[in-house]
Amino acid sequence: MEDIKNELTKRSKRARMEQFGKLISFLCIALIVVVVLSIFFFVASKGLATFFVDKVNVFDFLFGTKWNPSAVGSDGKPLVGALPMILGSFIVTFLSAILATPFAIGAAIFMVEISPKQGQKILQPVIELLVGIPSVVYGFIGLSVIVPVIRSIFGGTGFGILAGTFVLFVMILPTVTTMTVDALKAVPRHYREASLALGATRWQTIYKVVLRAAVPGILTAVVFGMARAFGEALAIQMVIGNAALLPTSLTTPASTLTSILTMGIGNTIMGTLENNVLWSLALILLLMSLLFNIVIRLIGKKGAIK
């Protein structure tokens, strides 16, 4: 009897394998969490050194308009105003998202509602090709095509927010389009059938039923595109002009957080004010990335509740 009891209570091989799989999964998740927290801690410790070690005023950093970390102003304070770069990043991001959203929604409607077969044969391969193109190629195209066109139409150098907007528009278009397609496909088919049964036309069904039901997914796609645009570095650096000045128009040279970072991070010494303020810019980028993810989760929860 004792042998039978031990045999029945002994864990089977499948149970041991399942427990082992759970342990491996937990270790992988823990590793990811540790890596993310380590990155955040490292960037935060370097970025906050600007304020706690170098004694730079937070408001002077966030709202100052002059950027020259190696110099000091008439008041003896370092010229580390990041407002031009912050405004440049936000303006380019929002303009590219505003420009890309209508095209993405139109392409998604064509691929899902109007001509799914043609969309899969023509548009989907094109979108996949755009996703795979390196950002430096977009930058070269913008430098060779977009900047000269803007220069010939508006005058000036051609570098500026407008050129950066067009480059980022092309870069985020595949992301927004792909996620919008998924959002439209997620709308239940009986929504369409019920609308048509009630006498609505095809376009009325698309506009008043399908698009409205897919709003949370479309908003998520737009926010993802904005996150991609906000963090883009190389392509935007090649066409925006990299002038740390408050943007006065769309066609004058400007700068973004990422363009200043990529230009200066390799030319500074670790631990100096010039290096610490660049880490502070990186901290702003990290916080904005966190904010974008929070917004995406809130949109997803709202859509799930509905």
# chains A, B, ... in the order shown; residues from 1 in each chain; ligands from 1
>>> residues_around(residues="region 148-161 of chain A", least_positions_apart="2", cutoff="10 Å", atoms="only C-alpha atoms", output="PyMOL selection string")
chain A and resi 88-89+91-93+95-96+142-146+163-167+236-243+247-256
>>> write_last_selection(atoms="N, CA and C atoms", output="CSV table (one decimal), in the first residue's frame")
chain,number,residue,atom,x,y,z
A,88,GLY,N,11.4,71.3,-31.1
A,88,GLY,CA,11.6,70.7,-32.5
A,88,GLY,C,11.2,69.3,-32.5
A,89,SER,N,11.4,68.5,-31.5
A,89,SER,CA,11.0,67.1,-31.5
A,89,SER,C,9.5,67.0,-31.5
A,91,ILE,N,7.2,69.2,-32.5
A,91,ILE,CA,6.6,69.8,-33.7
A,91,ILE,C,6.7,68.8,-34.9
A,92,VAL,N,8.0,68.2,-35.0
A,92,VAL,CA,8.2,67.3,-36.1
A,92,VAL,C,7.3,66.0,-35.9
A,93,THR,N,7.2,65.6,-34.7
A,93,THR,CA,6.5,64.4,-34.4
A,93,THR,C,5.0,64.6,-34.7
A,95,LEU,N,3.5,66.9,-36.6
A,95,LEU,CA,3.2,67.2,-38.0
A,95,LEU,C,3.3,65.9,-38.8
A,96,SER,N,4.3,65.1,-38.6
A,96,SER,CA,4.4,63.8,-39.3
A,96,SER,C,3.2,62.9,-39.0
A,142,GLY,N,16.0,62.0,-48.3
A,142,GLY,CA,15.5,63.3,-47.9
A,142,GLY,C,16.6,64.4,-48.2
A,143,LEU,N,17.9,64.0,-48.0
A,143,LEU,CA,18.9,65.0,-48.3
A,143,LEU,C,19.1,65.2,-49.8
A,144,SER,N,18.8,64.2,-50.6
A,144,SER,CA,19.0,64.4,-52.0
A,144,SER,C,17.8,64.9,-52.8
A,145,VAL,N,16.6,64.6,-52.2
A,145,VAL,CA,15.4,64.9,-53.0
A,145,VAL,C,14.6,66.0,-52.2
A,146,ILE,N,14.2,65.7,-51.0
A,146,ILE,CA,13.3,66.6,-50.3
A,146,ILE,C,13.9,68.0,-50.0
A,163,ALA,N,11.3,69.6,-43.9
A,163,ALA,CA,12.0,68.4,-44.5
A,163,ALA,C,12.0,67.3,-43.6
A,164,GLY,N,12.2,67.5,-42.3
A,164,GLY,CA,12.1,66.4,-41.3
A,164,GLY,C,10.8,65.8,-41.2
A,165,THR,N,9.7,66.6,-41.4
A,165,THR,CA,8.3,66.1,-41.3
A,165,THR,C,8.1,65.2,-42.5
A,166,PHE,N,8.5,65.5,-43.7
A,166,PHE,CA,8.3,64.7,-44.8
A,166,PHE,C,9.0,63.3,-44.7
A,167,VAL,N,10.3,63.4,-44.2
A,167,VAL,CA,11.0,62.2,-44.0
A,167,VAL,C,10.4,61.2,-43.0
A,236,ILE,N,16.5,62.1,-39.3
A,236,ILE,CA,16.1,63.5,-39.0
A,236,ILE,C,17.3,64.4,-38.8
A,237,GLN,N,18.4,63.8,-38.3
A,237,GLN,CA,19.6,64.6,-38.2
A,237,GLN,C,20.1,65.1,-39.6
A,238,MET,N,19.9,64.3,-40.6
A,238,MET,CA,20.5,64.6,-41.9
A,238,MET,C,19.7,65.7,-42.7
A,239,VAL,N,18.5,66.0,-42.2
A,239,VAL,CA,17.7,66.9,-43.0
A,239,VAL,C,17.1,68.1,-42.2
A,240,ILE,N,17.3,68.1,-40.9
A,240,ILE,CA,16.7,69.2,-40.1
A,240,ILE,C,17.6,70.4,-39.9
A,241,GLY,N,18.9,70.3,-40.1
A,241,GLY,CA,19.7,71.4,-40.0
A,241,GLY,C,20.6,71.5,-38.8
A,242,ASN,N,20.1,70.9,-37.7
A,242,ASN,CA,20.8,70.7,-36.4
A,242,ASN,C,21.3,72.1,-35.9
A,243,ALA,N,20.4,73.1,-35.9
A,243,ALA,CA,20.7,74.4,-35.3
A,243,ALA,C,19.9,74.4,-34.0
A,247,PRO,N,12.6,77.2,-33.2
A,247,PRO,CA,12.0,77.2,-34.6
A,247,PRO,C,11.1,78.4,-34.8
A,248,THR,N,11.5,79.2,-35.9
A,248,THR,CA,10.7,80.4,-36.2
A,248,THR,C,9.8,80.1,-37.4
A,249,SER,N,10.1,79.1,-38.2
A,249,SER,CA,9.3,78.7,-39.3
A,249,SER,C,9.6,77.3,-39.7
A,250,LEU,N,8.8,76.7,-40.6
A,250,LEU,CA,9.0,75.3,-41.0
A,250,LEU,C,10.2,75.1,-41.9
A,251,THR,N,10.8,76.2,-42.5
A,251,THR,CA,11.8,76.1,-43.5
A,251,THR,C,13.2,76.6,-43.0
A,252,THR,N,13.3,76.9,-41.7
A,252,THR,CA,14.6,77.3,-41.1
A,252,THR,C,15.2,76.2,-40.4
A,253,PRO,N,16.5,76.1,-40.4
A,253,PRO,CA,17.2,75.0,-39.6
A,253,PRO,C,16.8,74.9,-38.2
A,254,ALA,N,16.5,73.7,-37.7
A,254,ALA,CA,16.2,73.5,-36.3
A,254,ALA,C,16.9,72.3,-35.8
A,255,SER,N,16.4,71.8,-34.7
A,255,SER,CA,17.1,70.6,-34.1
A,255,SER,C,16.1,69.8,-33.3
A,256,THR,N,16.4,68.6,-33.0
A,256,THR,CA,15.6,67.7,-32.1
A,256,THR,C,16.5,67.2,-31.0
>>> select_by_dssp(residues="region 47-170 of chain A", states="alpha helix (DSSP H)", output="PDB file with C-alpha atoms, in the first residue's frame")
ATOM      1  CA  GLY A  47      20.762  62.709 -16.528  1.00  0.00           C
ATOM      2  CA  LEU A  48      19.966  63.886 -13.001  1.00  0.00           C
ATOM      3  CA  ALA A  49      23.646  64.635 -12.392  1.00  0.00           C
ATOM      4  CA  THR A  50      23.074  67.844 -14.357  1.00  0.00           C
ATOM      5  CA  PHE A  51      20.811  69.111 -11.597  1.00  0.00           C
ATOM      6  CA  PHE A  52      22.330  67.526  -8.475  1.00  0.00           C
ATOM      7  CA  VAL A  58      15.601  72.488 -13.821  1.00  0.00           C
ATOM      8  CA  PHE A  59      13.513  75.363 -15.191  1.00  0.00           C
ATOM      9  CA  ASP A  60      16.555  76.933 -16.860  1.00  0.00           C
ATOM     10  CA  PHE A  61      17.214  73.589 -18.534  1.00  0.00           C
ATOM     11  CA  LEU A  62      13.650  72.890 -19.664  1.00  0.00           C
ATOM     12  CA  PHE A  63      12.667  76.419 -20.673  1.00  0.00           C
ATOM     13  CA  LEU A  83      13.584  74.169 -25.112  1.00  0.00           C
ATOM     14  CA  PRO A  84      14.569  74.496 -28.828  1.00  0.00           C
ATOM     15  CA  MET A  85      15.239  70.760 -29.088  1.00  0.00           C
ATOM     16  CA  ILE A  86      12.140  69.799 -27.117  1.00  0.00           C
ATOM     17  CA  LEU A  87       9.912  71.985 -29.299  1.00  0.00           C
ATOM     18  CA  GLY A  88      11.612  70.709 -32.453  1.00  0.00           C
ATOM     19  CA  SER A  89      10.988  67.086 -31.470  1.00  0.00           C
ATOM     20  CA  PHE A  90       7.335  67.681 -30.630  1.00  0.00           C
ATOM     21  CA  ILE A  91       6.607  69.776 -33.721  1.00  0.00           C
ATOM     22  CA  VAL A  92       8.186  67.284 -36.130  1.00  0.00           C
ATOM     23  CA  THR A  93       6.460  64.363 -34.386  1.00  0.00           C
ATOM     24  CA  PHE A  94       2.979  65.879 -34.402  1.00  0.00           C
ATOM     25  CA  LEU A  95       3.219  67.185 -37.972  1.00  0.00           C
ATOM     26  CA  SER A  96       4.408  63.844 -39.334  1.00  0.00           C
ATOM     27  CA  ALA A  97       1.624  62.034 -37.450  1.00  0.00           C
ATOM     28  CA  ILE A  98      -1.014  64.469 -38.721  1.00  0.00           C
ATOM     29  CA  LEU A  99       0.270  63.999 -42.266  1.00  0.00           C
ATOM     30  CA  ALA A 100       0.579  60.208 -42.092  1.00  0.00           C
ATOM     31  CA  THR A 101      -2.747  59.388 -40.401  1.00  0.00           C
ATOM     32  CA  PRO A 102      -5.134  60.172 -43.330  1.00  0.00           C
ATOM     33  CA  PHE A 103      -2.938  58.271 -45.797  1.00  0.00           C
ATOM     34  CA  ALA A 104      -2.648  55.307 -43.437  1.00  0.00           C
ATOM     35  CA  ILE A 105      -6.404  55.145 -42.818  1.00  0.00           C
ATOM     36  CA  GLY A 106      -7.137  55.440 -46.535  1.00  0.00           C
ATOM     37  CA  ALA A 107      -4.676  52.683 -47.429  1.00  0.00           C
ATOM     38  CA  ALA A 108      -6.038  50.461 -44.653  1.00  0.00           C
ATOM     39  CA  ILE A 109      -9.642  50.956 -45.784  1.00  0.00           C
ATOM     40  CA  PRO A 116      -8.595  43.024 -50.083  1.00  0.00           C
ATOM     41  CA  LYS A 117      -7.087  40.952 -52.920  1.00  0.00           C
ATOM     42  CA  GLN A 118      -5.411  43.881 -54.643  1.00  0.00           C
ATOM     43  CA  GLN A 124       1.087  44.940 -48.467  1.00  0.00           C
ATOM     44  CA  PRO A 125       4.427  44.131 -50.193  1.00  0.00           C
ATOM     45  CA  VAL A 126       5.092  47.854 -50.607  1.00  0.00           C
ATOM     46  CA  ILE A 127       4.408  48.511 -46.918  1.00  0.00           C
ATOM     47  CA  GLU A 128       6.630  45.607 -45.898  1.00  0.00           C
ATOM     48  CA  LEU A 129       9.389  47.010 -48.120  1.00  0.00           C
ATOM     49  CA  LEU A 130       9.103  50.437 -46.498  1.00  0.00           C
ATOM     50  CA  VAL A 131       9.401  48.867 -43.043  1.00  0.00           C
ATOM     51  CA  GLY A 132      12.646  47.129 -43.984  1.00  0.00           C
ATOM     52  CA  SER A 135      16.713  54.936 -41.601  1.00  0.00           C
ATOM     53  CA  VAL A 136      19.969  56.135 -43.145  1.00  0.00           C
ATOM     54  CA  VAL A 137      18.492  55.457 -46.594  1.00  0.00           C
ATOM     55  CA  TYR A 138      15.499  57.638 -45.750  1.00  0.00           C
ATOM     56  CA  GLY A 139      17.938  60.300 -44.625  1.00  0.00           C
ATOM     57  CA  PHE A 140      19.893  60.151 -47.883  1.00  0.00           C
ATOM     58  CA  ILE A 141      16.689  60.351 -49.923  1.00  0.00           C
ATOM     59  CA  VAL A 147      15.801  69.280 -49.177  1.00  0.00           C
ATOM     60  CA  PRO A 148      16.511  70.523 -52.774  1.00  0.00           C
ATOM     61  CA  VAL A 149      12.766  70.622 -53.551  1.00  0.00           C
ATOM     62  CA  ILE A 150      12.023  72.690 -50.449  1.00  0.00           C
ATOM     63  CA  ARG A 151      14.984  74.952 -51.254  1.00  0.00           C
ATOM     64  CA  SER A 152      13.702  75.579 -54.784  1.00  0.00           C
ATOM     65  CA  ILE A 153      10.133  76.294 -53.628  1.00  0.00           C
ATOM     66  CA  PHE A 154      10.616  78.223 -50.385  1.00  0.00           C
ATOM     67  CA  ILE A 161      11.233  71.074 -39.728  1.00  0.00           C
ATOM     68  CA  LEU A 162       9.374  70.723 -43.035  1.00  0.00           C
ATOM     69  CA  ALA A 163      12.047  68.444 -44.495  1.00  0.00           C
ATOM     70  CA  GLY A 164      12.132  66.421 -41.285  1.00  0.00           C
ATOM     71  CA  THR A 165       8.343  66.131 -41.323  1.00  0.00           C
ATOM     72  CA  PHE A 166       8.289  64.651 -44.830  1.00  0.00           C
ATOM     73  CA  VAL A 167      11.040  62.159 -44.006  1.00  0.00           C
ATOM     74  CA  LEU A 168       9.331  61.012 -40.804  1.00  0.00           C
ATOM     75  CA  PHE A 169       5.987  60.886 -42.605  1.00  0.00           C
ATOM     76  CA  VAL A 170       7.345  58.226 -44.949  1.00  0.00           C
TER      77      VAL A 170
END
>>> atom_distance(atom1="CA of Arg297 (chain A)", atom2="CA of Ile32 (chain A)")
18.9 Å
>>> residues_around(residues="Leu273 (chain A)", least_positions_apart="6", cutoff="12 Å", atoms="only C-alpha atoms", output="PyMOL selection string")
chain A and resi 46-56+68-72+77-80+265+279-280
>>> atom_distance(atom1="CA of Thr258 (chain A)", atom2="CA of Ala227 (chain A)")
12.6 Å
>>> residues_around(residues="region 210-223 of chain A", least_positions_apart="6", cutoff="8 Å", atoms="only C-alpha atoms", output="MDAnalysis selection string")
chainID A and resid 97 101 175:177 179:180 182:184 186:187 191:192 292 295:296 299:300 302:303
>>> select_by_dssp(residues="region 34-262 of chain A", states="strand (DSSP E)", output="PyMOL selection string")
chain A and resi 67-72+78-80
>>> atom_distance(atom1="CA of Met171 (chain A)", atom2="CA of Met226 (chain A)")
10.6 Å
>>> decode(residues="region 187-230 of chain A", atoms="N, CA and C atoms", output="PDB file, in the first residue's frame")
ATOM      1  N   VAL A 187     -12.605  44.393 -36.282  1.00  0.00           N
ATOM      2  CA  VAL A 187     -14.026  44.743 -36.152  1.00  0.00           C
ATOM      3  C   VAL A 187     -14.857  43.533 -36.572  1.00  0.00           C
ATOM      4  N   PRO A 188     -15.761  43.054 -35.739  1.00  0.00           N
ATOM      5  CA  PRO A 188     -16.546  41.851 -36.083  1.00  0.00           C
ATOM      6  C   PRO A 188     -17.319  42.027 -37.391  1.00  0.00           C
ATOM      7  N   ARG A 189     -17.410  40.951 -38.136  1.00  0.00           N
ATOM      8  CA  ARG A 189     -18.083  40.998 -39.436  1.00  0.00           C
ATOM      9  C   ARG A 189     -19.573  41.314 -39.293  1.00  0.00           C
ATOM     10  N   HIS A 190     -20.189  40.879 -38.187  1.00  0.00           N
ATOM     11  CA  HIS A 190     -21.630  41.103 -38.060  1.00  0.00           C
ATOM     12  C   HIS A 190     -21.967  42.581 -37.884  1.00  0.00           C
ATOM     13  N   TYR A 191     -20.983  43.413 -37.502  1.00  0.00           N
ATOM     14  CA  TYR A 191     -21.215  44.850 -37.465  1.00  0.00           C
ATOM     15  C   TYR A 191     -21.542  45.352 -38.874  1.00  0.00           C
ATOM     16  N   ARG A 192     -20.741  44.914 -39.826  1.00  0.00           N
ATOM     17  CA  ARG A 192     -20.951  45.333 -41.222  1.00  0.00           C
ATOM     18  C   ARG A 192     -22.274  44.784 -41.755  1.00  0.00           C
ATOM     19  N   GLU A 193     -22.517  43.514 -41.478  1.00  0.00           N
ATOM     20  CA  GLU A 193     -23.733  42.890 -41.991  1.00  0.00           C
ATOM     21  C   GLU A 193     -24.979  43.548 -41.409  1.00  0.00           C
ATOM     22  N   ALA A 194     -24.961  43.887 -40.134  1.00  0.00           N
ATOM     23  CA  ALA A 194     -26.112  44.538 -39.516  1.00  0.00           C
ATOM     24  C   ALA A 194     -26.339  45.918 -40.108  1.00  0.00           C
ATOM     25  N   SER A 195     -25.246  46.654 -40.361  1.00  0.00           N
ATOM     26  CA  SER A 195     -25.377  47.991 -40.945  1.00  0.00           C
ATOM     27  C   SER A 195     -25.963  47.925 -42.352  1.00  0.00           C
ATOM     28  N   LEU A 196     -25.472  46.991 -43.156  1.00  0.00           N
ATOM     29  CA  LEU A 196     -25.997  46.849 -44.513  1.00  0.00           C
ATOM     30  C   LEU A 196     -27.445  46.373 -44.502  1.00  0.00           C
ATOM     31  N   ALA A 197     -27.793  45.519 -43.540  1.00  0.00           N
ATOM     32  CA  ALA A 197     -29.172  45.024 -43.453  1.00  0.00           C
ATOM     33  C   ALA A 197     -30.152  46.130 -43.093  1.00  0.00           C
ATOM     34  N   LEU A 198     -29.657  47.147 -42.374  1.00  0.00           N
ATOM     35  CA  LEU A 198     -30.510  48.278 -42.002  1.00  0.00           C
ATOM     36  C   LEU A 198     -30.637  49.317 -43.110  1.00  0.00           C
ATOM     37  N   GLY A 199     -29.978  49.072 -44.231  1.00  0.00           N
ATOM     38  CA  GLY A 199     -30.118  49.963 -45.375  1.00  0.00           C
ATOM     39  C   GLY A 199     -28.982  50.938 -45.580  1.00  0.00           C
ATOM     40  N   ALA A 200     -27.924  50.851 -44.787  1.00  0.00           N
ATOM     41  CA  ALA A 200     -26.780  51.747 -44.959  1.00  0.00           C
ATOM     42  C   ALA A 200     -26.007  51.365 -46.207  1.00  0.00           C
ATOM     43  N   THR A 201     -25.416  52.375 -46.840  1.00  0.00           N
ATOM     44  CA  THR A 201     -24.583  52.111 -48.003  1.00  0.00           C
ATOM     45  C   THR A 201     -23.226  51.576 -47.546  1.00  0.00           C
ATOM     46  N   ARG A 202     -22.429  51.192 -48.513  1.00  0.00           N
ATOM     47  CA  ARG A 202     -21.118  50.651 -48.185  1.00  0.00           C
ATOM     48  C   ARG A 202     -20.249  51.700 -47.499  1.00  0.00           C
ATOM     49  N   TRP A 203     -20.267  52.932 -48.022  1.00  0.00           N
ATOM     50  CA  TRP A 203     -19.450  53.990 -47.445  1.00  0.00           C
ATOM     51  C   TRP A 203     -19.973  54.418 -46.081  1.00  0.00           C
ATOM     52  N   GLN A 204     -21.285  54.423 -45.916  1.00  0.00           N
ATOM     53  CA  GLN A 204     -21.841  54.734 -44.600  1.00  0.00           C
ATOM     54  C   GLN A 204     -21.432  53.673 -43.569  1.00  0.00           C
ATOM     55  N   THR A 205     -21.406  52.433 -43.990  1.00  0.00           N
ATOM     56  CA  THR A 205     -20.980  51.357 -43.094  1.00  0.00           C
ATOM     57  C   THR A 205     -19.522  51.528 -42.696  1.00  0.00           C
ATOM     58  N   ILE A 206     -18.684  51.862 -43.677  1.00  0.00           N
ATOM     59  CA  ILE A 206     -17.262  52.036 -43.384  1.00  0.00           C
ATOM     60  C   ILE A 206     -17.049  53.222 -42.448  1.00  0.00           C
ATOM     61  N   TYR A 207     -17.717  54.337 -42.748  1.00  0.00           N
ATOM     62  CA  TYR A 207     -17.465  55.570 -41.998  1.00  0.00           C
ATOM     63  C   TYR A 207     -18.103  55.556 -40.612  1.00  0.00           C
ATOM     64  N   LYS A 208     -19.371  55.121 -40.545  1.00  0.00           N
ATOM     65  CA  LYS A 208     -20.110  55.248 -39.296  1.00  0.00           C
ATOM     66  C   LYS A 208     -20.058  54.016 -38.411  1.00  0.00           C
ATOM     67  N   VAL A 209     -19.658  52.891 -38.967  1.00  0.00           N
ATOM     68  CA  VAL A 209     -19.643  51.662 -38.174  1.00  0.00           C
ATOM     69  C   VAL A 209     -18.217  51.140 -37.992  1.00  0.00           C
ATOM     70  N   VAL A 210     -17.563  50.828 -39.100  1.00  0.00           N
ATOM     71  CA  VAL A 210     -16.254  50.180 -39.024  1.00  0.00           C
ATOM     72  C   VAL A 210     -15.211  51.101 -38.401  1.00  0.00           C
ATOM     73  N   LEU A 211     -15.104  52.329 -38.930  1.00  0.00           N
ATOM     74  CA  LEU A 211     -14.088  53.244 -38.417  1.00  0.00           C
ATOM     75  C   LEU A 211     -14.328  53.610 -36.955  1.00  0.00           C
ATOM     76  N   ARG A 212     -15.581  53.806 -36.592  1.00  0.00           N
ATOM     77  CA  ARG A 212     -15.871  54.168 -35.198  1.00  0.00           C
ATOM     78  C   ARG A 212     -15.570  53.020 -34.251  1.00  0.00           C
ATOM     79  N   ALA A 213     -15.843  51.805 -34.699  1.00  0.00           N
ATOM     80  CA  ALA A 213     -15.524  50.651 -33.852  1.00  0.00           C
ATOM     81  C   ALA A 213     -14.016  50.442 -33.727  1.00  0.00           C
ATOM     82  N   ALA A 214     -13.272  50.892 -34.743  1.00  0.00           N
ATOM     83  CA  ALA A 214     -11.823  50.678 -34.756  1.00  0.00           C
ATOM     84  C   ALA A 214     -11.046  51.866 -34.206  1.00  0.00           C
ATOM     85  N   VAL A 215     -11.736  52.872 -33.664  1.00  0.00           N
ATOM     86  CA  VAL A 215     -11.059  54.080 -33.183  1.00  0.00           C
ATOM     87  C   VAL A 215      -9.952  53.781 -32.166  1.00  0.00           C
ATOM     88  N   PRO A 216     -10.181  52.947 -31.127  1.00  0.00           N
ATOM     89  CA  PRO A 216      -9.078  52.674 -30.185  1.00  0.00           C
ATOM     90  C   PRO A 216      -7.840  52.089 -30.868  1.00  0.00           C
ATOM     91  N   GLY A 217      -8.040  51.163 -31.797  1.00  0.00           N
ATOM     92  CA  GLY A 217      -6.906  50.582 -32.511  1.00  0.00           C
ATOM     93  C   GLY A 217      -6.201  51.587 -33.396  1.00  0.00           C
ATOM     94  N   ILE A 218      -6.967  52.470 -34.046  1.00  0.00           N
ATOM     95  CA  ILE A 218      -6.364  53.496 -34.894  1.00  0.00           C
ATOM     96  C   ILE A 218      -5.567  54.486 -34.056  1.00  0.00           C
ATOM     97  N   LEU A 219      -6.121  54.885 -32.908  1.00  0.00           N
ATOM     98  CA  LEU A 219      -5.395  55.794 -32.023  1.00  0.00           C
ATOM     99  C   LEU A 219      -4.105  55.159 -31.519  1.00  0.00           C
ATOM    100  N   THR A 220      -4.164  53.870 -31.213  1.00  0.00           N
ATOM    101  CA  THR A 220      -2.956  53.159 -30.799  1.00  0.00           C
ATOM    102  C   THR A 220      -1.913  53.176 -31.911  1.00  0.00           C
ATOM    103  N   ALA A 221      -2.357  52.984 -33.146  1.00  0.00           N
ATOM    104  CA  ALA A 221      -1.436  53.025 -34.287  1.00  0.00           C
ATOM    105  C   ALA A 221      -0.788  54.391 -34.422  1.00  0.00           C
ATOM    106  N   VAL A 222      -1.577  55.444 -34.255  1.00  0.00           N
ATOM    107  CA  VAL A 222      -1.038  56.801 -34.378  1.00  0.00           C
ATOM    108  C   VAL A 222      -0.016  57.075 -33.280  1.00  0.00           C
ATOM    109  N   VAL A 223      -0.307  56.647 -32.052  1.00  0.00           N
ATOM    110  CA  VAL A 223       0.625  56.870 -30.945  1.00  0.00           C
ATOM    111  C   VAL A 223       1.914  56.075 -31.159  1.00  0.00           C
ATOM    112  N   PHE A 224       1.799  54.860 -31.675  1.00  0.00           N
ATOM    113  CA  PHE A 224       2.990  54.077 -32.003  1.00  0.00           C
ATOM    114  C   PHE A 224       3.830  54.802 -33.050  1.00  0.00           C
ATOM    115  N   GLY A 225       3.165  55.351 -34.055  1.00  0.00           N
ATOM    116  CA  GLY A 225       3.884  56.111 -35.072  1.00  0.00           C
ATOM    117  C   GLY A 225       4.571  57.333 -34.487  1.00  0.00           C
ATOM    118  N   MET A 226       3.896  58.023 -33.578  1.00  0.00           N
ATOM    119  CA  MET A 226       4.495  59.187 -32.933  1.00  0.00           C
ATOM    120  C   MET A 226       5.704  58.788 -32.097  1.00  0.00           C
ATOM    121  N   ALA A 227       5.607  57.658 -31.412  1.00  0.00           N
ATOM    122  CA  ALA A 227       6.746  57.175 -30.626  1.00  0.00           C
ATOM    123  C   ALA A 227       7.936  56.874 -31.528  1.00  0.00           C
ATOM    124  N   ARG A 228       7.663  56.291 -32.689  1.00  0.00           N
ATOM    125  CA  ARG A 228       8.745  56.015 -33.650  1.00  0.00           C
ATOM    126  C   ARG A 228       9.348  57.319 -34.150  1.00  0.00           C
ATOM    127  N   ALA A 229       8.520  58.300 -34.462  1.00  0.00           N
ATOM    128  CA  ALA A 229       9.009  59.580 -34.969  1.00  0.00           C
ATOM    129  C   ALA A 229       9.794  60.328 -33.899  1.00  0.00           C
ATOM    130  N   PHE A 230       9.309  60.296 -32.656  1.00  0.00           N
ATOM    131  CA  PHE A 230       9.963  61.049 -31.584  1.00  0.00           C
ATOM    132  C   PHE A 230      11.363  60.513 -31.306  1.00  0.00           C
TER     133      PHE A 230
END
